[in-house]
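Worksheet: one structure, shown below.
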Amino acid sequence: MRDTLAEAIAGIVQRPGRAALTMTGTILGVGAFVAVLGLTATAASQISTQFSALDATTVTVEDNGPAVDTAAPGTYPVIGFPPDADAIADHIDGVIAAGVWWPVALPAGAAFASAPVLSAASAQNINLLAASAGAVRAMGLTMVAGSPLTTYENDTAQHVAVIDTAVASELGISPQRLAAHPAVFIDSIPYTVVGIYSAAQRIVASESAVIIPDRTALADYGNPEPGIGNQNEAQLIIATKLGAARVVGQQIARAELPADPGRLVVTTPPNPLTLQSQVNGDLSGLFLILASISLLIGAVGIANTTLVAVLERTEEIGLRRALGALPRHVAGQFLTESAALGTLGGLLGTSLGVLTVVVFAVTQNWTAAINPAVTLPAPLLGSVVGLLAGLYPALRAARTDPLSALRHGV
């Protein structure tokens with residue numbers, strides 16, 4: 001065994017350039033294997049953080065009850081939710097903000113304008129939303145000018161509105177004009193613009209919208225239509241602390257309607273563990289295919305180089321056989337040489353993979369997650385690749401006829 005190892009190392013050292021090129025495929029394959037598993041584990045551990053701002057902290061509640069005319073237009077409550085729905089939700093531990101909102105159904109031909117005499121913008125391009133002060137807080141508006149809707153404006157049914165920058169640009173209302181109390185006319189009804197926002201976390205994140213107080217909307221347009229799937233149904237939107245969404249979802253229906261909690265349908269974020277497993281599986285499956293291809297290329301490289309070495313050292317093989325070396329000794333020498341190349345490639349590839357994970361995690365300000373159960377045995381993967389790749393060349397060398405091999409160089 002000692003002689004075999006010495007001969008294998010000598011064969012590698014005598015051709016360092018070829019050995020380095022031969023190991024490239026194995027290095028890349030094992031490195032990709034370690035890096036893929038490390039990066040997917042690192043990314044999966046960050047999922048709860050990445051989704052916390054939106055999906056993981058949002059709970060919605062919808063009214064699944066029948067269409068019942070419970071009150072005349074302009075009176076509270078909104079169908080399906082009690083008058084103090086915002087305050088009830090706020091008392092649940094983990095709730096940051098909550099409120100009722102709905103898309104307002106405008107009459108046919110209604111339009112938006114900055115003054116009755118100016119050209120109007122089509123109502124098809126702008127969404128009119130009714131929202132309580134709590135719902136506006138849950139939307140997470142980024143204000144450019146002015147302020148979001150307040151509880152006072154809602155309780156007193158003020159004709160005020162908050163618009164986004166797209167609507168403001170279309171209607172010719174600049175942030176600098178807010179001090180002059182400009183108005184937006186909706187179906188000829190004036191609403192004083194009290195704020196302009198540029199972005200939102202929830203509900204109106206990617207839509208042009210005009211938001212008015214919910215009690216003002218009730219007085220001007222009546223109650224929203226009930227029923228899940230209805231275009232103008234009312235919803236309770238809840239922004240929660242990270243990790244509290246599922247607990248809030250379990251309590252909110254009974255807190256809002258203790259006599260009939262089944263009327264409300266609560267939607268909570270997906271289980272972070274399930275989401276983590278799905279992302280981890282998808283990423284691992286994709287990149288492990290690439291790692292397997294790299295390992296296959298490495299195995300072909302080792303097999304090709306070992307076969308060339310057998311052909312180049314035919315005379316040496318013949319001399320060894322003539323001096324008494326058995327076929328298994330010759331096969332063992334070349335198998336050991338190819339396994340050594342694979343093992344060395346596996347060690348370098350593992351180091352490269354770990355380094356890749358650490359560097360990527362540092363640049364993203366993440367915590368690197370590396371599983372020792374995967375990393376420590378990784379060099380053995382290179383050894384296996386080397387052994388399998390060197391099997392055919394070693395068997396061919398073992399079957400070499402001594403007399404023919406000695407005559408090869410004559």
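Each chain in the structure tokens gets a letter, A, B, ..., in the order shown, and its residues are numbered from 1; ligands are numbered from 1 in order too.
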
Among stretch 86-321 of chain A, which residues carry a DSSP assignment of helix (DSSP H, G or I), reported as a ChimeraX atom specification?
/A:86-90,133-139,151-155,165-171,175-180,214-221,245-256,261-263,272-312,314-321

Shell of 10 Å around A:Thr156, only C-alpha atoms, local chain residues under 4 positions omitted, as number ranges by chain
A: 151-152, 213, 215-216

Output C-alpha atoms for every residue in that selection, as a compact mmCIF listing (two decimals), in the first residue's frame.
```txt
# COMPACT_ATOMS: atom_id res chain seq x y z
CA THR A 151 -59.71 59.42 13.10
CA TYR A 152 -61.35 62.84 13.49
CA PRO A 213 -62.93 58.29 4.94
CA ARG A 215 -68.01 57.17 6.94
CA THR A 216 -67.90 59.80 4.20
```

A:Tyr392 surroundings by only C-alpha atoms, 12 Å radius, close-in-sequence under 5 positions cut, as a VMD selection string
chain A and resid 299 to 300 302 to 308 310 331 to 332 334 to 335 338 386 to 387 397 to 399

With N, CA and C atoms retained, write the just-selected residues as an mmCIF file, in the first residue's frame.
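Result saved to again_35.cif:
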```
data_model
loop_
_atom_site.group_PDB
_atom_site.id
_atom_site.type_symbol
_atom_site.label_atom_id
_atom_site.label_comp_id
_atom_site.auth_asym_id
_atom_site.auth_seq_id
_atom_site.Cartn_x
_atom_site.Cartn_y
_atom_site.Cartn_z
ATOM 1 N N ALA A 299 -15.559 13.836 -13.782
ATOM 2 C CA ALA A 299 -15.286 12.399 -13.925
ATOM 3 C C ALA A 299 -14.747 12.086 -15.315
ATOM 4 N N VAL A 300 -15.311 12.710 -16.354
ATOM 5 C CA VAL A 300 -14.814 12.493 -17.714
ATOM 6 C C VAL A 300 -13.378 12.977 -17.837
ATOM 7 N N ILE A 302 -11.071 13.200 -15.432
ATOM 8 C CA ILE A 302 -10.165 12.270 -14.743
ATOM 9 C C ILE A 302 -9.994 10.993 -15.554
ATOM 10 N N ALA A 303 -11.091 10.479 -16.089
ATOM 11 C CA ALA A 303 -11.004 9.247 -16.883
ATOM 12 C C ALA A 303 -10.130 9.461 -18.118
ATOM 13 N N ASN A 304 -10.300 10.581 -18.783
ATOM 14 C CA ASN A 304 -9.511 10.855 -19.981
ATOM 15 C C ASN A 304 -8.030 10.995 -19.643
ATOM 16 N N THR A 305 -7.728 11.739 -18.584
ATOM 17 C CA THR A 305 -6.326 11.937 -18.205
ATOM 18 C C THR A 305 -5.683 10.629 -17.759
ATOM 19 N N THR A 306 -6.403 9.823 -17.004
ATOM 20 C CA THR A 306 -5.847 8.546 -16.542
ATOM 21 C C THR A 306 -5.611 7.605 -17.717
ATOM 22 N N LEU A 307 -6.547 7.616 -18.677
ATOM 23 C CA LEU A 307 -6.370 6.767 -19.861
ATOM 24 C C LEU A 307 -5.153 7.208 -20.674
ATOM 25 N N VAL A 308 -4.986 8.526 -20.825
ATOM 26 C CA VAL A 308 -3.802 9.029 -21.532
ATOM 27 C C VAL A 308 -2.529 8.640 -20.790
ATOM 28 N N VAL A 310 -2.098 6.010 -18.976
ATOM 29 C CA VAL A 310 -1.866 4.577 -19.224
ATOM 30 C C VAL A 310 -1.182 4.375 -20.574
ATOM 31 N N ALA A 331 -3.402 -2.224 -11.586
ATOM 32 C CA ALA A 331 -4.722 -1.593 -11.475
ATOM 33 C C ALA A 331 -4.819 -0.732 -10.227
ATOM 34 N N GLY A 332 -4.257 -1.251 -9.128
ATOM 35 C CA GLY A 332 -4.290 -0.499 -7.877
ATOM 36 C C GLY A 332 -3.535 0.813 -7.971
ATOM 37 N N PHE A 334 -3.071 2.789 -10.664
ATOM 38 C CA PHE A 334 -3.808 3.806 -11.410
ATOM 39 C C PHE A 334 -5.125 4.182 -10.730
ATOM 40 N N LEU A 335 -5.751 3.227 -10.033
ATOM 41 C CA LEU A 335 -6.940 3.566 -9.261
ATOM 42 C C LEU A 335 -6.597 4.533 -8.130
ATOM 43 N N SER A 338 -6.016 8.048 -9.635
ATOM 44 C CA SER A 338 -7.247 8.757 -9.974
ATOM 45 C C SER A 338 -8.046 9.127 -8.726
ATOM 46 N N GLY A 386 -13.376 10.073 -8.499
ATOM 47 C CA GLY A 386 -12.062 9.666 -8.986
ATOM 48 C C GLY A 386 -11.951 8.164 -9.170
ATOM 49 N N LEU A 387 -12.480 7.403 -8.217
ATOM 50 C CA LEU A 387 -12.421 5.934 -8.312
ATOM 51 C C LEU A 387 -13.212 5.434 -9.519
ATOM 52 N N ALA A 397 -4.987 -0.977 -18.028
ATOM 53 C CA ALA A 397 -3.568 -1.100 -17.697
ATOM 54 C C ALA A 397 -3.260 -2.486 -17.138
ATOM 55 N N ALA A 398 -4.193 -3.028 -16.327
ATOM 56 C CA ALA A 398 -3.963 -4.347 -15.733
ATOM 57 C C ALA A 398 -3.945 -5.447 -16.785
ATOM 58 N N ARG A 399 -4.650 -5.256 -17.925
ATOM 59 C CA ARG A 399 -4.693 -6.281 -18.963
ATOM 60 C C ARG A 399 -3.559 -6.143 -19.978
#
```

Using only C-alpha atoms, which protein or nucleic acid residues come within 6 Å of A:Ser132? Drop anything in the same chain fewer than 3 positions from it, and give the result as an MDAnalysis selection string.
chainID A and resid 99:100 135 213:214

Taking only C-alpha atoms into account, name the residue in A:Asp401, A:Asp155, A:Asp187, A:Glu170 that is nearest to A:Phe112.
A:Asp187

What's the separation between atom CA of A:Gly172 and atom CA of A:Gly134, in Å to one decimal place?
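Straight-line distance from atom CA of A:Gly172 to atom CA of A:Gly134 works out to 28.6 Å.
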
For the atom pair atom CA of A:Leu341 and atom CA of A:Leu5, what is the interatomic distance in Å to one decimal place?
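These two atoms are separated by 12.0 Å.
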
Contacts of stretch 349-365 of chain A at 7 Å or less, counting only C-alpha atoms, minus same-chain residues fewer than 6 places along, as a ChimeraX atom specification?
/A:27-28,30-32,34-35,38-39,375,378-379

Just want the 6 Å neighbourhood of stretch 55-63 of chain A, counted on only C-alpha atoms, with same-chain residues fewer than 2 positions away dropped. Output as a ChimeraX atom specification.
/A:51-52,65,80,235-240,242,245,264-269

Given the choices A:Pro103, A:Pro402, A:Gly382, A:Pro261, which gets closest to A:Leu323 if the distance is worked out from only C-alpha atoms?
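When distances to A:Leu323 are compared using only C-alpha atoms, the smallest one comes from A:Pro402.
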
Nearest residue to A:Gly346 from the set A:Gly222, A:Gly29, A:Pro16, A:Pro393 (distances using only C-alpha atoms)
A:Gly29

Set the distance at 10 Å and use only C-alpha atoms: which residues neighbour stretch 195-199 of chain A once local chain neighbours fewer than 5 positions away are removed? I'd like the list as a ChimeraX atom specification.
/A:139-149,160-168,173-175,178,181,204-211

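The coordinates place atom CA of A:Ile88 at 27.1 Å from atom CA of A:Val194.
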